[in-house]
Amino acid sequence: MIKVKVEFLGGLDIISNHERQHKLTLPLEEGDATMKDVITYICKDIITDQKDVPVFIEDDTVRPGILVLINDTDWELEDKEEYVVESGDLFTFTSTLHGG
Amino acid sequence: MSLQILTAKIPCQKCGEDASVTNRKEVVCNECFNMSMRGRLRKSLRADIYKINSKHGVHKVLLAFKGDVNSIVCLDMIMQLVLEQINNHGKTGFQLLVLNIDERNGIEEKLQQVRSFYEQKGTIINYKTVQVNSYLTGKSLKRIGIDKKFNILVKDESSHSMEDIINLIPNKSAVEDFKEVIYDQILLKQAEIEGCGTILYCNSMNKLSSSILANLIKGRGSNMNFKVNDTEKQGIYIKNPLRELFDSEIDYYSEVNEIGQLKFQNNAVISNINRNMTIKQITSRYLNQIEANGYASTIPTVVKITEKLVEPTKFKPIGNCKICDEVIYQNPKTWLNKITHNESAPLVDEIERDYAEQYLQAFPPIEDQLDVSNYTICYGCMVSMNGTESIVWPTERQRDQKVLEEFIIDSDDDE
Amino acid sequence: MTVEQKKDKKLKVTQLCELCHGRKAVMKRPKNLQKLCKECFFLVFETEIHNTITDAKLFYKGETVALGASGGKDSTVLASVMKTLNERYDYGLHLVLLSIDEGIKGYRDDSLATVKRNQAQYEMPLEIVSYKELYDWTMDEIVACSGMRNSCTYCGVLRRQALDRGAAKLGINHVLTGHNADDMAETVLMNVLRGDSKRLDKSCTIKTESADSPIKRSKPFKYTYQKEIVLYAHYKKLDYFSTECTYAPESFRGTTRELLKALESIRPSCIMDLIYSGEHFELRKKQVTTTYKNNKKKLPEQEVNPDGSVSLKKTPAPGEARKCDKCGYLSSNKICKACFLLGGLEANRAKVTLDNNTYIDGAAKLTKTLEHLSF
């Protein structure tokens with residue numbers, strides 16, 4: 001079991017009932033779970049309406065236009081989907097598209 | 001898509017025979033469809049050059065033949081003009097040379113098939129295949145890189161084949177971009193060698209519009225008018241006679257005239273996943289999608305607005321690009337330096353200074369392997385080079401020296 | 001990462017910032033793929049905006065400028081950065097926040113609350129002008145009348161004039177907006193896709209002065225990526241509001257945005273590349289025909305451009321500022337753009353109010369529901 005936190009910012013909270021912060025417990029062992037598992041988990045258990053999945057996912061990855069931070073670091077510097085999840089990690093998803 | 005095949009029996013609006021399709025809001029038979037499509041092609045050519053007894057003499061025309069359906073249709077429409085001239089006058093007003101830049105084996109055989117197809121109809125096609133490696137002739141190889149301050153770094157490089165050179169480029173979109181550069185320049189060179197006054201490209205309106213968008217996105221917008229408009233380069237006319245035809249019309253023309261068999265099968269499957277696609281594939285997919293979603297006029301709109309663009313006058317040209325030979329208006333080096341700041345914030349404590357020291361030990365500043373040069377590279381080529389340390393490229397030798405060297409090469413050459 | 005954590009967790013050299021080499025890199029720049037730490041990112045972000053400002057000579061010392069403030073990320077970062085740069089480089093600017101209340105229930109209410117907090121945080125005066133007071137129409141009422149399809153068109157025209165009028169009310173003739181590089185690139189693409197020859201060659205102007213407005217407009221974020229604006233706001237913990245307008249953007253603009261995002265995923269620099277391309281646009285000069293001169297009837301009717309603006313057919317003679325016949329506001333045409341658009345709506349209004357009063361309140365929601373119900 002790994003306990004992590006997930007945040008939806010920049011208006012992205014619309015996919016999760018306007019709930020910006022979520023605490024999750026991944027049913028996996030530390031060392032086994034990657035960012036890919038977190039994304040799958042979010043799609044399955046956090047996105048309230050399955051019709052909203054395409055707001056979050058495109059081509060099997062996080063939709064372009066959504067900024068992903070792992071512990072406040074751009075996930076592009078952290079191997080993106082391959083990142084190995086640790087207990088206490090914070091994943092932030094921010095939409096860059098909403099209102100200027 | 002505007003073209004629709006009819007199932008009901010309706011008379012053709014032009015001749016009264018049974019109509020076959022609705023196209024551009026007209027109900028026409030196949031024969032009238034053919035005529036109107038060929039008419040659009042003839043309108044796009046500069047007609048008088050092709051006329052019998054033109055005051056320009058017999059004009060030589062190079063057809064850039066790729067073996068795709070566009071090339072086949074363009075060739076067929078031109079051959080119809082040739083056959084018409086032969087039947088009516090016993091001679092033609094222009095000479096056609098079909099040129100293929102050989103990227104695959106077996107092209108020769110296919111071209112032979114194309115030739116016999118028209119031989120049966122009463123005329124002989126002249127064709128020529130050119131190897132991509134011909135781009136190396138008369139040029140010297142350089143390794144070209146760009147430093148943080150956007151200086152162009154250059155060093156001499158030993159011999160490579162064009163295939164090696166392209167394989168060294170790590171990014172799909174950059175490969176696509178540089179291949180186009182090579183292709184265009186080979187055509188220009190061949191037109192010069194063969195004494196052709198015109199190069200015909202076989203781009204449909206769909207192809208032109210996606211290429212316009214791709215060029216804009218690649219930072220090549222300064223030369224839009226040269227890239228897609230009918231223009232003149234080094235005294236040679238460059239034209240896109242299919243510029244008014246939609247892909248749907250080209251496909252239908254090929255079907256009606258049963259010329260699809262002449263196509264060189266292109267089995268490359270294009271991915272639909274963004275990260276596996278090139279810029280041009282993405283723009284082309286986009287245009288097809290919005291065309292299907294009720295914005296059908298977008299494709300002609302993009303082509304027409306580009307026709308209105310002219311050479312920029314607010315910048316004084318600073319020279320030609322060493323890679324693609326396009327004119328450079330706004331100095332990319334100055335522009336990029338203006339928008340990019342490269343100084344660090346001060347280090348504040350021992351921990352940070354300690355890390356910086358470790359970093360310098362791990363990655364000692366290496367003297368640039370290449371020398372800062374006075375080369376000018378256009379913005380588009382710089383963008384395509386982004387993400388790679390350097391590329392190898394055949395560059396023109398000094399202009400005045402060139403003539404002399406070519407003379408020497410020619411005399412040594414076995415050909 | 002806090003200092004404590006930094007001491008605890010040993011960094012690998014490959015994790016270090018490519019500029020200072022002493023701190024952990026936290027972001028990758030779309031512009032040049034450089035990996036930077038927070039401090040170096042703040043510095044390059046701010047300095048590049050400063051360079052843009054000085055290179056384009058956007059203001060003079062002592063000038064009073066209005067900052068368009070919507071409460072969204074771009075305008076919040078604009079206020080923050082302008083305040084920082086004004087102090088750091090001694091621009092001597094007087095900065096005022098100018099906000100527009102379009103009258104969109106549930107959207108603008110919350111964002112105005114953000115602007116009010118910004119006012120306190122940045123210690124700047126704030127002026128709010130509303131569509132209702134200027135035009136006697138709220139956006140909710142307009143949508144009830146004309147439907148969702150053209151909402152962005154109306155709103156765009158009205159907002160532009162509202163910003164002008166708000167600035168004029170304050171005696172200011174320069175408005176800064178938070179338009180960023182992504183917006184600019186999107187505009188370049190849109191203008192090509194729509195064949196908008198009236199604005200194609202102006203797609204990339206950083207400072208616009210138009211004949212029908214005495215107010216200059218500048219875009220200091222012309223070369224600033226949206227991603228970096230969002231990151232800046234995030235790392236600086238700026239207080240911004242981020243709910244999409246109730247009225248979804250028109251579908252065509254939506255497709256352009258999607259295209260750009262798809263392209264960015266394979267080539268992050270494409271935003272800047274499009275701007276470079278767009279800066280070179282020049283259109284063939286039109287042949288001026290004089291045939292209209294003696295034939296007044298053939299003068300074309302006022303034409304509305306695809307974005308809803310009205311093109312200027314005539315420029316008033318120097319010194320002769322024209323005024324809109326209807327509202328008296330400065331205009332280069334007989335009737336200003338706002339009055340022209342609203343004129344068409346007036347006829348419908350009475351009917352709508354009579355028919356159904358609920359339309360006015362939360363009209364957006366209702367119309368949206370209705371649109372979903374279409375068979």
# chains A, B, ... in the order shown; residues from 1 in each chain; ligands from 1
call {"tool": "select_by_dssp", "arguments": {"residues": "segment 98-287 of chain B", "states": "helix (DSSP H, G or I)", "output": "CSV table (one decimal) with C-alpha atoms, in the first residue's frame"}}
result
chain,number,residue,atom,x,y,z
B,107,ILE,CA,11.2,2.4,-59.4
B,108,GLU,CA,12.8,1.9,-62.8
B,109,GLU,CA,10.4,-1.0,-63.5
B,110,LYS,CA,7.3,1.1,-62.4
B,111,LEU,CA,8.4,4.0,-64.6
B,112,GLN,CA,8.7,1.6,-67.5
B,113,GLN,CA,5.1,0.5,-66.9
B,114,VAL,CA,4.0,4.1,-66.9
B,115,ARG,CA,5.8,4.6,-70.1
B,116,SER,CA,4.3,1.7,-72.0
B,117,PHE,CA,0.8,2.7,-70.8
B,118,TYR,CA,1.1,6.0,-72.7
B,119,GLU,CA,3.0,4.4,-75.5
B,120,GLN,CA,-0.1,2.4,-76.3
B,121,LYS,CA,-2.0,5.7,-76.4
B,132,VAL,CA,19.4,11.2,-53.6
B,133,ASN,CA,23.2,11.1,-53.4
B,134,SER,CA,23.4,13.4,-56.4
B,135,TYR,CA,22.8,16.1,-53.8
B,136,LEU,CA,26.4,15.6,-52.7
B,162,MET,CA,22.8,11.0,-48.0
B,163,GLU,CA,21.2,8.1,-46.2
B,164,ASP,CA,23.8,8.3,-43.4
B,165,ILE,CA,23.2,12.0,-43.2
B,166,ILE,CA,19.5,11.6,-42.8
B,167,ASN,CA,19.8,8.7,-40.4
B,172,LYS,CA,11.0,12.5,-37.4
B,173,SER,CA,9.7,16.0,-38.2
B,174,ALA,CA,13.2,17.3,-38.8
B,175,VAL,CA,13.9,14.4,-41.2
B,176,GLU,CA,10.7,15.3,-43.1
B,177,ASP,CA,11.7,18.9,-43.2
B,178,PHE,CA,15.3,18.3,-44.4
B,179,LYS,CA,14.2,15.7,-46.9
B,180,GLU,CA,12.0,18.4,-48.5
B,181,VAL,CA,15.0,20.8,-48.6
B,182,ILE,CA,17.0,18.1,-50.4
B,183,TYR,CA,14.2,17.2,-52.8
B,184,ASP,CA,13.5,20.8,-53.8
B,185,GLN,CA,17.1,21.5,-54.4
B,186,ILE,CA,17.7,18.4,-56.4
B,187,LEU,CA,14.8,19.3,-58.6
B,188,LEU,CA,16.1,22.8,-59.2
B,189,LYS,CA,19.6,21.4,-60.0
B,190,GLN,CA,18.1,18.8,-62.4
B,191,ALA,CA,16.0,21.5,-64.1
B,192,GLU,CA,19.1,23.5,-64.7
B,193,ILE,CA,21.1,20.5,-66.0
B,194,GLU,CA,18.2,19.4,-68.3
B,205,MET,CA,-5.1,21.8,-52.7
B,206,ASN,CA,-5.2,19.5,-49.6
B,207,LYS,CA,-1.5,18.8,-49.8
B,208,LEU,CA,-0.7,22.5,-50.3
B,209,SER,CA,-2.8,23.6,-47.4
B,210,SER,CA,-1.3,21.1,-45.0
B,211,SER,CA,2.2,22.0,-46.2
B,212,ILE,CA,1.4,25.7,-45.7
B,213,LEU,CA,0.4,25.1,-42.1
B,214,ALA,CA,3.4,22.8,-41.5
B,215,ASN,CA,5.8,25.5,-42.8
B,216,LEU,CA,4.3,28.2,-40.6
B,217,ILE,CA,4.6,25.9,-37.6
B,221,GLY,CA,6.7,31.5,-42.6
B,222,SER,CA,9.0,34.1,-44.1
B,223,ASN,CA,9.2,32.3,-47.4
B,224,MET,CA,5.6,31.3,-47.7
B,225,ASN,CA,5.1,33.1,-51.0
B,226,PHE,CA,8.0,31.2,-52.5
B,227,LYS,CA,7.2,27.9,-50.9
B,228,VAL,CA,3.6,27.4,-52.1
B,247,ASP,CA,-7.9,15.1,-53.0
B,248,SER,CA,-11.4,13.7,-53.4
B,249,GLU,CA,-11.4,14.9,-57.1
B,250,ILE,CA,-8.0,13.5,-57.7
B,251,ASP,CA,-9.0,10.1,-56.3
B,252,TYR,CA,-12.1,10.1,-58.4
B,253,TYR,CA,-10.2,11.1,-61.6
B,254,SER,CA,-7.8,8.3,-61.0
B,255,GLU,CA,-10.7,5.8,-60.6
B,256,VAL,CA,-12.6,7.0,-63.6
B,260,GLY,CA,-4.6,3.8,-60.2
B,261,GLN,CA,-2.6,0.7,-61.3
B,262,LEU,CA,0.3,3.0,-62.2
B,274,ASN,CA,0.5,12.4,-31.8
B,275,ARG,CA,3.9,11.5,-30.6
B,276,ASN,CA,4.5,9.1,-33.5
B,279,ILE,CA,4.2,18.0,-38.0
B,280,LYS,CA,2.9,17.6,-41.6
B,281,GLN,CA,0.9,14.5,-40.7
B,282,ILE,CA,-0.7,16.3,-37.8
B,283,THR,CA,-1.7,19.4,-39.9
B,284,SER,CA,-3.0,17.1,-42.6
B,285,ARG,CA,-5.1,15.1,-40.1
B,286,TYR,CA,-6.4,18.4,-38.7
B,287,LEU,CA,-7.5,19.8,-42.0
call {"tool": "interface_residues", "arguments": {"of": "chain B", "to": "chain C", "cutoff": "6 Å", "atoms": "only C-alpha atoms", "output": "list of chain:residue names"}}
result
B:Leu216, B:Ile217, B:Lys218, B:Gly219, B:Arg220, B:Gly221, B:Ser222, B:Arg275, B:Thr298, B:Thr301, B:Val302, B:Ile305, B:Lys308, B:Leu309, B:Val310, B:Pro312, B:His341, B:Ser344, B:Ala345, B:Glu352, B:Arg353, B:Tyr355, B:Ala356, B:Tyr359
call {"tool": "closest_atom_pairs", "arguments": {"of": "chain C", "to": "chain A", "cutoff": "9 Å", "atoms": "only C-alpha atoms", "output": "CSV"}}
result
residue,atom,partner,partner_atom,distance
C:Met1,CA,A:Asp72,CA,7.8
C:Gln15,CA,A:Leu77,CA,8.0
C:Ala25,CA,A:Thr73,CA,7.7
C:Val26,CA,A:Thr73,CA,4.3
C:Met27,CA,A:Asp74,CA,4.8
C:Lys28,CA,A:Asp74,CA,6.8
C:Lys35,CA,A:Leu77,CA,7.8
C:Ser70,CA,A:Gly100,CA,7.2
C:Gly71,CA,A:Gly100,CA,8.0
C:Gly72,CA,A:Gly100,CA,4.8
C:Lys73,CA,A:Gly100,CA,5.5
C:Asp74,CA,A:Gly100,CA,4.9
C:Ser75,CA,A:Gly100,CA,6.5
C:Thr76,CA,A:Gly100,CA,8.8
C:Gly178,CA,A:Gly100,CA,7.1
C:His179,CA,A:Gly100,CA,7.6
C:Asn180,CA,A:Gly100,CA,8.9
C:Gln226,CA,A:Thr96,CA,6.7
C:Lys227,CA,A:Thr96,CA,6.4
C:Ile229,CA,A:Thr96,CA,8.7
C:Val230,CA,A:Thr96,CA,6.4
C:Leu231,CA,A:Leu67,CA,8.5
C:Tyr235,CA,A:Asp72,CA,8.2
C:Tyr240,CA,A:Gly10,CA,8.7
C:Phe241,CA,A:Gly10,CA,7.7
C:Ser242,CA,A:Gly11,CA,5.0
C:Thr243,CA,A:Gly11,CA,4.9
C:Glu244,CA,A:His98,CA,5.3
C:Cys245,CA,A:Gly99,CA,7.0
C:Arg257,CA,A:Leu97,CA,8.8
C:Glu258,CA,A:Pro64,CA,8.6
C:Lys261,CA,A:Pro64,CA,5.6
C:Ala262,CA,A:Pro64,CA,6.6
C:Glu264,CA,A:Pro64,CA,7.7
C:Ser265,CA,A:Pro64,CA,6.3
call {"tool": "write_last_selection", "arguments": {"atoms": "C-alpha atoms", "output": "short mmCIF file (atom, residue, chain, number, x, y, z; two decimals), in the first residue's frame"}}
result
data_model
loop_
_atom_site.label_atom_id
_atom_site.label_comp_id
_atom_site.auth_asym_id
_atom_site.auth_seq_id
_atom_site.Cartn_x
_atom_site.Cartn_y
_atom_site.Cartn_z
CA MET C 1 11.76 21.67 -1.89
CA GLN C 15 19.22 16.66 -11.40
CA ALA C 25 16.02 21.65 -11.57
CA VAL C 26 12.25 21.73 -11.26
CA MET C 27 11.05 22.61 -14.76
CA LYS C 28 11.90 22.23 -18.42
CA LYS C 35 16.14 22.37 -17.19
CA SER C 70 -9.67 39.24 -15.10
CA GLY C 71 -8.53 37.34 -12.05
CA GLY C 72 -7.25 34.56 -14.33
CA LYS C 73 -3.68 33.30 -14.43
CA ASP C 74 -2.37 35.56 -17.20
CA SER C 75 -3.59 38.84 -15.75
CA THR C 76 -2.66 37.86 -12.20
CA GLY C 178 -2.02 39.31 -20.42
CA HIS C 179 -2.08 37.81 -23.93
CA ASN C 180 0.72 35.29 -24.03
CA GLN C 226 1.49 29.73 -21.16
CA LYS C 227 3.16 26.79 -19.45
CA ILE C 229 2.97 31.55 -16.78
CA VAL C 230 1.13 28.72 -15.04
CA LEU C 231 4.35 27.50 -13.42
CA TYR C 235 5.66 28.45 -7.69
CA TYR C 240 -5.69 33.29 -9.31
CA PHE C 241 -9.07 32.11 -10.44
CA SER C 242 -9.43 29.31 -12.92
CA THR C 243 -12.86 28.32 -14.02
CA GLU C 244 -13.67 28.32 -17.68
CA CYS C 245 -16.23 30.87 -18.80
CA ARG C 257 -6.23 25.23 -29.70
CA GLU C 258 -6.33 21.43 -29.87
CA LYS C 261 -1.50 21.41 -28.14
CA ALA C 262 -1.01 18.32 -30.32
CA GLU C 264 3.41 21.21 -28.87
CA SER C 265 3.57 17.65 -27.65
#
call {"tool": "closest_residue", "arguments": {"among": "B:Met277, B:Cys74, B:Val69, B:Met37", "to": "chain A", "atoms": "only C-alpha atoms"}}
result
B:Met277
call {"tool": "closest_residue", "arguments": {"among": "B:Ser271, B:Asn87, B:Lys338, B:Thr123", "to": "chain A", "atoms": "only C-alpha atoms"}}
result
B:Ser271
call {"tool": "select_by_dssp", "arguments": {"residues": "chain A", "states": "strand (DSSP E or B)", "output": "MDAnalysis selection string"}}
result
chainID A and resid 2:9 21:26 34 57:58 61:62 66:70 73:74 84 90:95
call {"tool": "atom_distance", "arguments": {"atom1": "atom CA of Lys198 of chain C", "atom2": "atom CA of Glu307 of chain B"}}
result
14.6 Å
call {"tool": "residues_around", "arguments": {"residues": "segment 388-396 of chain B", "least_positions_apart": "6", "cutoff": "7 Å", "atoms": "only C-alpha atoms", "output": "PyMOL selection string"}}
result
chain B and resi 136+139-145+165+169+322-323
call {"tool": "residues_around", "arguments": {"residues": "Ile72 of chain B", "least_positions_apart": "4", "cutoff": "7 Å", "atoms": "only C-alpha atoms", "output": "list in words"}}
result
Gly67, Asp68, Asp76, Leu262 and Lys263 of chain B
call {"tool": "write_last_selection", "arguments": {"atoms": "N, CA and C atoms", "output": "mmCIF file, in the first residue's frame"}}
result
data_model
loop_
_atom_site.group_PDB
_atom_site.id
_atom_site.type_symbol
_atom_site.label_atom_id
_atom_site.label_comp_id
_atom_site.auth_asym_id
_atom_site.auth_seq_id
_atom_site.Cartn_x
_atom_site.Cartn_y
_atom_site.Cartn_z
ATOM 1 N N GLY B 67 5.206 9.127 -57.802
ATOM 2 C CA GLY B 67 4.585 7.807 -57.866
ATOM 3 C C GLY B 67 3.315 7.686 -57.054
ATOM 4 N N ASP B 68 2.907 8.778 -56.386
ATOM 5 C CA ASP B 68 1.650 8.721 -55.646
ATOM 6 C C ASP B 68 0.497 9.082 -56.578
ATOM 7 N N ASP B 76 -1.198 12.261 -66.037
ATOM 8 C CA ASP B 76 -2.231 11.892 -66.995
ATOM 9 C C ASP B 76 -2.874 13.128 -67.621
ATOM 10 N N LEU B 262 -1.001 2.480 -61.964
ATOM 11 C CA LEU B 262 0.342 2.995 -62.240
ATOM 12 C C LEU B 262 1.042 3.504 -60.969
ATOM 13 N N LYS B 263 0.258 3.618 -59.919
ATOM 14 C CA LYS B 263 0.781 4.147 -58.654
ATOM 15 C C LYS B 263 1.878 3.243 -58.106
#
call {"tool": "closest_residue", "arguments": {"among": "B:Trp335, B:Ile377, B:Ser297, B:Ile273", "to": "chain A", "atoms": "only C-alpha atoms"}}
result
B:Ile273
call {"tool": "closest_residue", "arguments": {"among": "B:Asn272, B:Lys9, B:Leu3, B:Tyr201", "to": "chain A", "atoms": "only C-alpha atoms"}}
result
B:Asn272
call {"tool": "residues_around", "arguments": {"residues": "Asp52 of chain A", "least_positions_apart": "5", "cutoff": "10 Å", "atoms": "only C-alpha atoms", "output": "PyMOL selection string"}}
result
chain A and resi 14-16+43+47+57
